[in-house]
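In what follows, a single structure is set out as structure tokens and then discussed.
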Amino acid sequence: MIPSVNDTGSKTFGLLKYLYETGKYEDHTDPHLVASFDGMAPDPGRNPNATLEDLQQLLDQPVMALPKHARPAKHVWHTSVRATADDRILSDEEWGEIARRIVAAAGIDPGDGQPGCRWAAVRHADDHIHIVATLVCEDGSRPDDFRSGKRAQAECRLIEEELGLHQVNAGDGTAAQRPTSAERHKAELQGRERTAREELRETVRRAVAGATGEEEVFDRLAAAGLLIRKRFAPSGDLLGYKVALPDDRNKDGEAVFYPGARLAPDLSWPRIRERWSADRHVQDAVPTGPKDRTAPGGPSAARRRTAAAAWQAVLLIEYGADAVAAAHIASAGEVLDALAKTSAAHTRTQLREAAFVFERASRSHVRAERGHDRALRQAARDLVRSGPALGRGEDGTTTAMAIDMLFFLITAAGHWHAKKGHAQQAAAAHQAAEHLRAAYQLAAAQPLGALYQRGRHLGRPLLQRQTTVLREALPQLAEQILAEPGWYALAATLTDAETAGHDPAGLLADAAARRELGTAESVSDVLVWRLRRAAGLPAGTSTMATSTVQPDESGHRTGRNASRRSGSRRGRR
């Protein structure tokens with residue numbers, strides 16, 4: 001059960017008109033009162049003799065009783081309380097009791113003889129109610145509604161337990177501000193999939209992903225078509241910024257601007273600037289070697305580097321200090337944003353959703369120690385600079401490889417949050433992992449299918465040889481892998497590795513030992529991508545010839561690579 005306490009307003013009648021209006025909004029089917037401050041408020045939804053003006057005047061009476069100069073400019077308090085999709089449909093009586101408990105907990109009408117405000121609860125759909133109150137008590141005083149949203153949230157946790165409803169994870173104050181009901185209604189009228197606030201948050205996050213300076217961020221925001229306002233100190237230093245969608249206007253035709261901090265806590269200008277400031281500090285402290293430089297290449301090369309960076313980040317999240325783990329989780333969000341921005345059409349929706357929901361998991365009260373996450377931030381930068389992937393050939397295969405590694409990274413982030421008691425973040429990471437799983441299935445279908453066909457056509461002696469390698473390297477997993485459809489793709493990959501001069505048994509043992517495989521739907525699929533990345537094998541599935549290395553009847557290799565020792569470790573690890 002989710003209460004959403006919105007900003008206060010100034011027009012009681014306008015809000016009531018929206019709540020009782022039918023026809024324009026899909027979920028406004030039967031608007032009526034379920035409770036009110038005195039239980040006798042006129043109900044324009046069920047009483048043909050009652051009007052909206054009657055209800056508005058009753059609620060506003062204590063406000064209008066004050067001298068004009070003493071009336072608060074914004075006197076309307078509004079919250080919606082919504083059940084989750086898997087909750088049962090509550091009765092009007094149950095919703096009425098919920099409304100009374102919410103206004104008491106929020107300080108609007110505390111009861112026990114204390115002065116309270118006038119309020120009414122309107123239900124116009126099965127799954128939620130709206131509570132309208134006017135913020136002047138019967139004695140002319142103002143209510144104690146400080147942090148009314150947090151107090152309403154706490155009461156909802158108690159209500160869920162008592163009524164046997166879905167238990168919503170408790171918040172910790174690090175979430176981005178929810179869109180107001182007015183913003184949601186405006187988006188519906190404009191035919192937007194998301195509110196302006198949510199669209200702006202997503203666009204700014206993508207612009208910041210992997211960025212290394214102020215100019216780059218604002219160039220990306222301008223290229224995305226946003227309107228930008230900057231706030232400067234007298235010294236000329238940038239203090240903050242605001243952004244707006246060009247077609248999001250108020251009633252006066254003016255663009256509606258949102259400060260970065262109102263989009264998300266980590267999108268304020270000081271927090272954005274921390275990212276590259278920390279990168280430079282670490283870069284100055286640690287000598288830069290060849291592996292620290294941005295490698296050239298197109299989308300496929302960027303995705304390979306992303307897979308490698310994600311692999312290392314998993315280990316740092318699991319075994320590193322909390323501040324370092326928090327930094328890598330935050331940067332994982334940047335990588336998801338960058339991958340979604342540059343993804344091919346068939347994976348774009350799922351990757352975008354993964355990035356969107358993981359945003360909640362990228363922040364917690366554990367302050368990130370930025371700088372040590374430079375490899376992930378560089379991966380995000382490389383993805384953006386390399387441009388969109390077409391989703392075919394090498395691009396498509398390396399996309400599947402990157403998504404596979406990111407799935408384990410996001411899963412590790414969820415486990416870390418769960419151990420810390422960060423319920424909302426853990427749930428968000430789990431949701432993101434499910435979207436990544438769906439994206440992976442779309443991206444991997446063609447390349448794994450091609451590898452499967454190659455594996456099916458391996459000569460019998462060679463297939464038996466790879467079966468023996470598997471059983472020797474992974475005795476506990478061998479039978480499970482041999483029963484999976486993906487075994488043939490893995491057999492083709494083992495042959496490619498052997499052709500390239502690697503020890504396939506050593507690669508297998510290393511790939512399985514460095515990370516658990518329990519969360520994988522197909523162990524063989526995971527091992528395919530780990531081996532192809534670790535051995536530096538071409539991601540394109542038709543570039544390695546499976547017939548160039550064949551064992552003779554004695555089991556020794558023959559062909560053009562026979563002179564290579566099987567223990568050779570050429571290629572990237």
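Letters for chains follow the order of the structure tokens (A, B, ...), residue numbers begin at 1 for each chain, and ligand numbers begin at 1 in the order shown.
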
Q: Mind listing the strand (DSSP E) residues of region 87-234 of chain A, per DSSP on the backbone, as a list in words?
A: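 Here are the strand (DSSP E) residues of region 87-234 of chain A: Cys117, Arg118, Trp119, Ala120, Ala121, Val122, Arg123, His124, Ala125, His128, Ile129, His130, Ile131, Val132, Ala133, Thr134, Leu135, Val136, Cys137, Leu227, Ile228, Arg229, Lys230, Arg231 and Phe232 of chain A.
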
Q) Could you pull out all residues of region 173-282 of chain A with a DSSP call of alpha helix (DSSP H) and give them as an MDAnalysis selection string? A) chainID A and resid 181:190 196:208 214:223 260:263 269:282

Q: Find the residue from A:Leu189, A:Cys117, A:Ala412, A:Ala244 that sits nearest to Lys230 (chain A); use only C-alpha atoms when measuring.
A: A:Ala244

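Between Tyr440 (chain A) and the candidates A:His346, A:Arg118, A:Arg206, A:Arg220, the tightest atom-to-atom separation, counting only C-alpha atoms, involves A:His346.
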
Q: Determine the nearest neighbour of Val384 (chain A) from the options A:Asp248, A:Glu216, A:Leu316, A:Pro234, counting only C-alpha atoms.
A: A:Glu216

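Each of A:Ile102, A:Ala354, A:Ala176, A:Val217 was compared to Pro265 (chain A) using only C-alpha atoms, and A:Ala176 turns out to be the nearest.
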
Q.
Here is a test: counting only C-alpha atoms, which residue of A:Phe358, A:Arg197, A:Ala309, A:Pro246 is nearest to Gln425 (chain A)?
A.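 Between A:Phe358, A:Arg197, A:Ala309, A:Pro246, the residue approaching Gln425 (chain A) most closely is A:Phe358.
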
Q: Extract, using only C-alpha atoms, all DNA, RNA and protein residues at most 7 Å from region 140-142 of chain A, discarding same-chain residues fewer than 5 positions from it, and format them as a ChimeraX atom specification.
A: /A:62,66,135

(Q) Give me, as a list in words, all polymer residues having an atom no more than 7 Å from region 327-340 of chain A, counting only C-alpha atoms and skipping those fewer than 3 positions away in the same chain. (A)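 These residues fall inside the cut-off: Arg205, Arg206, Ala209, Gly210, Ala313, Ile317, Ala323, Val324, Ser343, Arg348, Leu351, Arg352, Ala355, Phe358, Glu359, Ser362, Arg363, Ala368, Glu369, Arg370, Asp373, Leu376, Arg377, Ala379, Ala380, Leu383, Val384 and Ala413 of chain A.
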
Q.
List as an NGL selection string the protein and nucleic acid residues near Gln177 (chain A), meaning an atom at most 7 Å away when only C-alpha atoms are counted, but skip any in the same chain fewer than 5 places from it.
A. :A and (262-264)

(Q) Need to verify the contact set: region 478-492 of chain A, 9 Å, only C-alpha atoms, exclusion of same-chain residues closer than 2 positions in sequence. Can you return it as an MDAnalysis selection string? (A) chainID A and resid 448:456 458 462:463 466:467 470:476 494:497 522:525 527:528 531 546

Could you turn the residues from that selection into a file that holds N, CA, C and O atoms, as a compact mmCIF listing (two decimals), in the first residue's frame?
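Saved as out-v5.txt:
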```txt
# COMPACT_ATOMS: atom_id res chain seq x y z
N LEU A 448 23.80 -17.80 -30.16
CA LEU A 448 23.82 -19.11 -29.53
C LEU A 448 23.25 -20.17 -30.47
O LEU A 448 23.69 -21.33 -30.47
N GLY A 449 22.26 -19.79 -31.27
CA GLY A 449 21.71 -20.72 -32.25
C GLY A 449 22.76 -21.15 -33.26
O GLY A 449 22.86 -22.33 -33.63
N ALA A 450 23.56 -20.17 -33.70
CA ALA A 450 24.63 -20.50 -34.66
C ALA A 450 25.68 -21.40 -34.03
O ALA A 450 26.15 -22.36 -34.65
N LEU A 451 26.06 -21.10 -32.79
CA LEU A 451 27.02 -21.94 -32.09
C LEU A 451 26.46 -23.34 -31.85
O LEU A 451 27.18 -24.35 -31.94
N TYR A 452 25.20 -23.41 -31.55
CA TYR A 452 24.54 -24.71 -31.33
C TYR A 452 24.65 -25.57 -32.60
O TYR A 452 24.98 -26.76 -32.53
N GLN A 453 24.36 -24.96 -33.74
CA GLN A 453 24.43 -25.70 -34.99
C GLN A 453 25.86 -26.17 -35.28
O GLN A 453 26.08 -27.29 -35.73
N ARG A 454 26.84 -25.33 -34.99
CA ARG A 454 28.23 -25.73 -35.18
C ARG A 454 28.59 -26.88 -34.26
O ARG A 454 29.28 -27.82 -34.66
N GLY A 455 28.12 -26.80 -33.01
CA GLY A 455 28.40 -27.88 -32.07
C GLY A 455 27.76 -29.19 -32.48
O GLY A 455 28.35 -30.26 -32.32
N ARG A 456 26.56 -29.11 -33.04
CA ARG A 456 25.87 -30.32 -33.48
C ARG A 456 26.61 -31.01 -34.63
O ARG A 456 26.49 -32.22 -34.81
N LEU A 458 29.95 -30.99 -35.05
CA LEU A 458 31.31 -31.41 -34.73
C LEU A 458 31.45 -32.91 -34.99
O LEU A 458 30.50 -33.68 -34.77
N LEU A 462 35.72 -35.44 -31.89
CA LEU A 462 35.96 -34.13 -31.28
C LEU A 462 34.93 -33.84 -30.20
O LEU A 462 35.25 -33.30 -29.13
N LEU A 463 33.66 -34.18 -30.43
CA LEU A 463 32.63 -33.95 -29.43
C LEU A 463 32.89 -34.79 -28.19
O LEU A 463 32.70 -34.33 -27.05
N GLN A 466 35.64 -33.09 -26.17
CA GLN A 466 35.17 -31.95 -25.38
C GLN A 466 34.32 -32.43 -24.20
O GLN A 466 34.33 -31.79 -23.13
N THR A 467 33.60 -33.54 -24.37
CA THR A 467 32.85 -34.11 -23.25
C THR A 467 33.80 -34.55 -22.14
O THR A 467 33.55 -34.32 -20.95
N LEU A 470 35.13 -31.51 -20.33
CA LEU A 470 34.13 -30.97 -19.41
C LEU A 470 34.07 -31.78 -18.12
O LEU A 470 34.06 -31.23 -17.02
N ARG A 471 34.05 -33.11 -18.25
CA ARG A 471 33.93 -33.95 -17.06
C ARG A 471 35.18 -33.84 -16.18
O ARG A 471 35.08 -33.93 -14.96
N GLU A 472 36.34 -33.68 -16.79
CA GLU A 472 37.56 -33.55 -16.01
C GLU A 472 37.63 -32.19 -15.31
O GLU A 472 38.06 -32.09 -14.16
N ALA A 473 37.19 -31.12 -16.01
CA ALA A 473 37.31 -29.76 -15.47
C ALA A 473 36.22 -29.45 -14.46
O ALA A 473 36.48 -28.79 -13.44
N LEU A 474 34.99 -29.91 -14.75
CA LEU A 474 33.85 -29.57 -13.88
C LEU A 474 33.06 -30.83 -13.54
O LEU A 474 31.91 -31.00 -13.98
N PRO A 475 33.62 -31.73 -12.77
CA PRO A 475 32.94 -33.00 -12.51
C PRO A 475 31.57 -32.84 -11.85
O PRO A 475 30.66 -33.63 -12.10
N GLN A 476 31.39 -31.81 -11.01
CA GLN A 476 30.12 -31.65 -10.30
C GLN A 476 29.03 -31.05 -11.17
O GLN A 476 27.83 -31.20 -10.87
N LEU A 494 34.59 -24.45 -26.84
CA LEU A 494 35.79 -25.16 -26.37
C LEU A 494 36.71 -25.49 -27.54
O LEU A 494 37.94 -25.39 -27.44
N THR A 495 36.11 -25.87 -28.67
CA THR A 495 36.90 -26.17 -29.86
C THR A 495 37.58 -24.91 -30.38
O THR A 495 38.76 -24.94 -30.78
N ASP A 496 36.86 -23.78 -30.38
CA ASP A 496 37.46 -22.52 -30.80
C ASP A 496 38.64 -22.15 -29.90
O ASP A 496 39.67 -21.67 -30.37
N ALA A 497 38.46 -22.35 -28.59
CA ALA A 497 39.53 -22.04 -27.65
C ALA A 497 40.75 -22.90 -27.91
O ALA A 497 41.90 -22.43 -27.88
N SER A 522 20.90 -21.16 -17.58
CA SER A 522 21.65 -22.12 -18.38
C SER A 522 23.13 -21.93 -18.07
O SER A 522 23.73 -20.92 -18.44
N VAL A 523 23.73 -22.90 -17.37
CA VAL A 523 25.15 -22.82 -17.02
C VAL A 523 26.01 -22.82 -18.27
O VAL A 523 27.00 -22.10 -18.38
N SER A 524 25.60 -23.61 -19.26
CA SER A 524 26.39 -23.67 -20.49
C SER A 524 26.43 -22.33 -21.20
O SER A 524 27.48 -21.92 -21.73
N ASP A 525 25.29 -21.60 -21.23
CA ASP A 525 25.28 -20.27 -21.85
C ASP A 525 26.27 -19.34 -21.17
O ASP A 525 27.04 -18.63 -21.83
N LEU A 527 28.92 -20.06 -19.44
CA LEU A 527 30.29 -20.47 -19.69
C LEU A 527 30.73 -20.13 -21.11
O LEU A 527 31.90 -19.80 -21.35
N VAL A 528 29.80 -20.17 -22.06
CA VAL A 528 30.14 -19.76 -23.43
C VAL A 528 30.69 -18.35 -23.45
O VAL A 528 31.75 -18.06 -24.00
N LEU A 531 34.06 -17.91 -21.49
CA LEU A 531 35.20 -18.45 -22.22
C LEU A 531 35.57 -17.58 -23.42
O LEU A 531 36.74 -17.32 -23.68
N THR A 546 35.97 -25.13 -37.08
CA THR A 546 35.99 -26.23 -36.12
C THR A 546 36.75 -27.44 -36.64
O THR A 546 37.03 -28.35 -35.89
```

Q | d(CA of Lys420 (chain A), CA of Gln350 (chain A)) in Å | A | 27.6 Å

Q. CA of Glu215 (chain A) and CA of Arg374 (chain A), how far apart in Å?
A.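 According to the coordinates, CA of Arg374 (chain A) and CA of Glu215 (chain A) are separated by 19.3 Å.
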